[in-house]
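Participant: Mind having a look at this structure? Questions to follow.
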Protein chains: 2
Amino acid sequence: MSEHSSSNDHEPKLFETIHTLRAMRRLKPDPVPPELLKKVLAAGVCAPSGQNTQPWAFVVLRSAETKLFFGTRYLSAMRKAFGDRLRLSADDLSANARTLRAAYHLAEHMHEAPLILLVCGRRDWPFAVPAEKRVGKAPPSYGSVYPCVQNILLACRGLGLAASLTTLHQLFDDELCAQLEIPAEYGIVSAIPIGYPAGKFGPVSRQDPVSVTYFDRWGAL
Amino acid sequence: MSEHSSSNDHEPKLFETIHTLRAMRRLKPDPVPPELLKKVLAAGVCAPSGQNTQPWAFVVLRSAETKLFFGTRYLSAMRKAFGDRLRLSADDLSANARTLRAAYHLAEHMHEAPLILLVCGRRDWPFAVPAEKRVGKAPPSYGSVYPCVQNILLACRGLGLAASLTTLHQLFDDELCAQLEIPAEYGIVSAIPIGYPAGKFGPVSRQDPVSVTYFDRWGAL
């Protein structure tokens with residue numbers, strides 16, 4: 001693993017990490033050292049949560065068998081969600097086409113990811129849902145779990161690990177929760193394949209925040 | 001503002017920032033320089049979003065009038081949500097009691113915050129919601145907007161600014177959206193009061209992530 005160690009020799013910088021974080025969907029097969037996974041999860045649990053309830057939990061898929069179970073269903077979900085849009089011309093070099101190709105590559109190789117981190121959240125009705133509408137299962141606490149997810153992605157980037165935020169497991173959520181014996185009071189919020197990057201962290205394209213910032217009233221500059 | 005400038009003299013470190021980020025609910029009245037707000041929002045828009053749709057927008061409350069509009073209703077919402085639990089004994093030094101006192105202090109002084117940043121998200125049904133259940137307004141894209149919120153909180157911490165993630169505006173959301181002329185296709189996800197901290201960034205208490213980490217199946221170590 002010596003080729004990877006240089007990324008841990010210095011303390012990564014906050015803004016540089018934030019500005020160079022991007023979804024990395026092509027992973028090397030090299031294993032992720034357990035001490036790096038610990039650092040990633042320790043960053044995750046530093047996230048804020050409503051009244052500090054810390055409603056997250058992690059299921060790390062690392063056996064070939066569970067990764068294959070997940071990967072097979074994830075690829076089917078990808079085909080179901082994107083269908084014909086996956087028949088992309090290799091000539092289409094638009095950002096959308098490149099992202100979709102990378103997402104499809106990820107789906108086809110999901111089972112080969114060194115780790116697939118499932119970030120779970122305790123189910124809890126948001127303030128806004130009145131009592132009479134609280135029917136069936138509450139959703140997981142997105143407002144607490146997604147900040148944890150972002151800390152995880154930033155920590156991966158800081159440690160030189162490739163990761164990407166996926167949510168397509170929602171299309172086979174019941175089957176996945178049953179297989180992994182997730183208790184009814186938790187839900188899976190995101191699945192994050194993690195490994196060393198095959199390729200470089202390329203540039204990140206984002207709009208200028210000024211174009212979506214208003215003062216005191218929508219539309220006012 | 002010279003007393004604050006030292007926090008910008010060095011590039012903040014990623015893991016130190018993640019591990020020392022905490023809700024800071026007591027703010028000085030000193031204004032937040034516009035260039036710092038720009039850095040904070042530039043960090044926000046670096047967050048990942050589904051198919052890079054970047055579905056966020058920001059409404060910054062900075063006029064006394066709109067802050068008072070927001071603060072008055074926020075305090076009422078706090079009383080409604082927490083009711084009798086706000087009559088806390090000053091002797092109760094438990095973590096919960098201290099957090100609730102600070103949250104109540106924030107509510108009473110919300111209108112005095114130098115800035116109140118409303119982070120909005122375009123409404124979009126998640127994959128998991130089948131067509132027949134897509135009734136009424138879709139929720140804002142939590143999965144894209146909360147990572148942006150976490151980047152904003154980390155950027156504030158890195159710049160020496162105090163901030164905290166609040167969601168109680170949900171209890172007066174319709175009135176707030178009408179007042180601020182938020183278009184129907186957007187929703188307000190979080191309100192973040194921002195200013196210089198009155199006091200120090202104290203320690204952060206979190207569980208050991210090992211206690212909520214399983215491998216290949218819930219409960220398996």
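Chain lettering (A, B, ...) mirrors the order of the structure tokens, residue numbering begins at 1 for each chain separately, and ligand numbering begins at 1 in order of display.
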Near chain B, which residues of chain A fall within 6 Å when you count only C-alpha atoms, and what do they look like as a ChimeraX atom specification?
Facilitator: /A:12-14,19,42,46,57-61,128,146-147,150,170-171,180-182,209,212-218
Participant: Using the chain letters and numbers from this document, which residues of range 97-187 of chain A does DSSP assign to strand (DSSP E or B), as a list of chain:residue names?
Facilitator: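 Assigned to strand (DSSP E or B), within range 97-187 of chain A: A:Leu115, A:Ile116, A:Leu117, A:Leu118, A:Val119, A:Cys120, A:Gly121, A:Arg122, A:Arg123, A:Pro140, A:Ala162, A:Ala163, A:Thr166, A:Tyr186, A:Gly187.
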Participant: Restrict the selected residues to N, CA and C atoms and save them as a compact mmCIF listing (two decimals), in the first residue's frame.
Facilitator:
# COMPACT_ATOMS: atom_id res chain seq x y z
N LEU A 115 -15.20 -1.68 -0.34
CA LEU A 115 -16.21 -1.54 0.72
C LEU A 115 -17.43 -0.85 0.15
N ILE A 116 -18.60 -1.24 0.62
CA ILE A 116 -19.81 -0.47 0.34
C ILE A 116 -20.38 -0.09 1.71
N LEU A 117 -20.35 1.19 1.98
CA LEU A 117 -20.78 1.68 3.30
C LEU A 117 -22.25 2.10 3.22
N LEU A 118 -23.09 1.42 3.99
CA LEU A 118 -24.50 1.81 4.06
C LEU A 118 -24.68 2.69 5.30
N VAL A 119 -25.11 3.91 5.07
CA VAL A 119 -25.35 4.83 6.19
C VAL A 119 -26.85 4.78 6.51
N CYS A 120 -27.15 4.36 7.72
CA CYS A 120 -28.54 4.18 8.14
C CYS A 120 -28.94 5.30 9.09
N GLY A 121 -30.25 5.53 9.19
CA GLY A 121 -30.75 6.54 10.12
C GLY A 121 -31.99 6.04 10.85
N ARG A 122 -32.10 6.40 12.11
CA ARG A 122 -33.29 6.04 12.88
C ARG A 122 -34.49 6.77 12.27
N ARG A 123 -35.60 6.08 12.20
CA ARG A 123 -36.81 6.68 11.62
C ARG A 123 -37.43 7.65 12.62
N PRO A 140 -36.26 7.86 7.56
CA PRO A 140 -35.05 8.09 8.38
C PRO A 140 -34.82 9.60 8.52
N ALA A 162 -11.53 7.30 -2.84
CA ALA A 162 -12.62 7.62 -3.77
C ALA A 162 -13.93 7.15 -3.16
N ALA A 163 -14.98 7.95 -3.33
CA ALA A 163 -16.29 7.60 -2.80
C ALA A 163 -17.35 8.31 -3.62
N THR A 166 -24.70 7.39 -3.31
CA THR A 166 -25.75 6.79 -4.15
C THR A 166 -27.01 6.55 -3.32
N TYR A 186 -35.01 1.59 11.80
CA TYR A 186 -33.94 2.24 11.00
C TYR A 186 -34.24 2.11 9.52
N GLY A 187 -33.71 3.03 8.74
CA GLY A 187 -33.78 2.95 7.29
C GLY A 187 -32.40 3.22 6.71
Participant: Which one of B:Ala77, B:Ala90, B:Ala198, B:Met24 sits closest to Ala102 in chain B if you count only C-alpha atoms?
Facilitator: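 Under the stated criterion, the closest residue is B:Met24.
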Participant: In Å, with one decimal, what is the gap from CA of Pro193 in chain B to CA of Ala138 in chain A?
Facilitator: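 Between these atoms lies a distance of 28.1 Å.
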Participant: Kindly give the distance, in Å, that separates CA of Ala107 in chain B and CA of Tyr196 in chain B, rounded to a single decimal.
Facilitator: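 Between these atoms lies a distance of 16.7 Å.
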Participant: Can you tell me which residues surround Leu27 in chain A at a distance of at most 10 Å, considering only C-alpha atoms, apart from same-chain residues fewer than 2 positions away, and format the answer as a list in words?
Facilitator: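 In the requested form, the answer reads Met24, Arg25, Pro29, Asp30, Leu106, His109, Met110, Glu112, Ala113, Pro114, Leu161, Ala162, Ala163, Pro193, Ile194, Gly195, Tyr196, Pro197, Ala198 and Gly199 of chain A.
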Participant: For CA of Arg157 in chain B and CA of His105 in chain B, determine how far apart the two atoms are, in Å to one decimal place.
Facilitator: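 Taking CA of Arg157 in chain B as the start and CA of His105 in chain B as the end point, the length is 20.2 Å.
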Participant: Using DSSP on the backbone coordinates, identify the residues of range 42-159 of chain A assigned to helix (DSSP H, G or I); present them as a ChimeraX atom specification.
Facilitator: /A:42-44,50-52,64-86,95-112,131-133,142-158
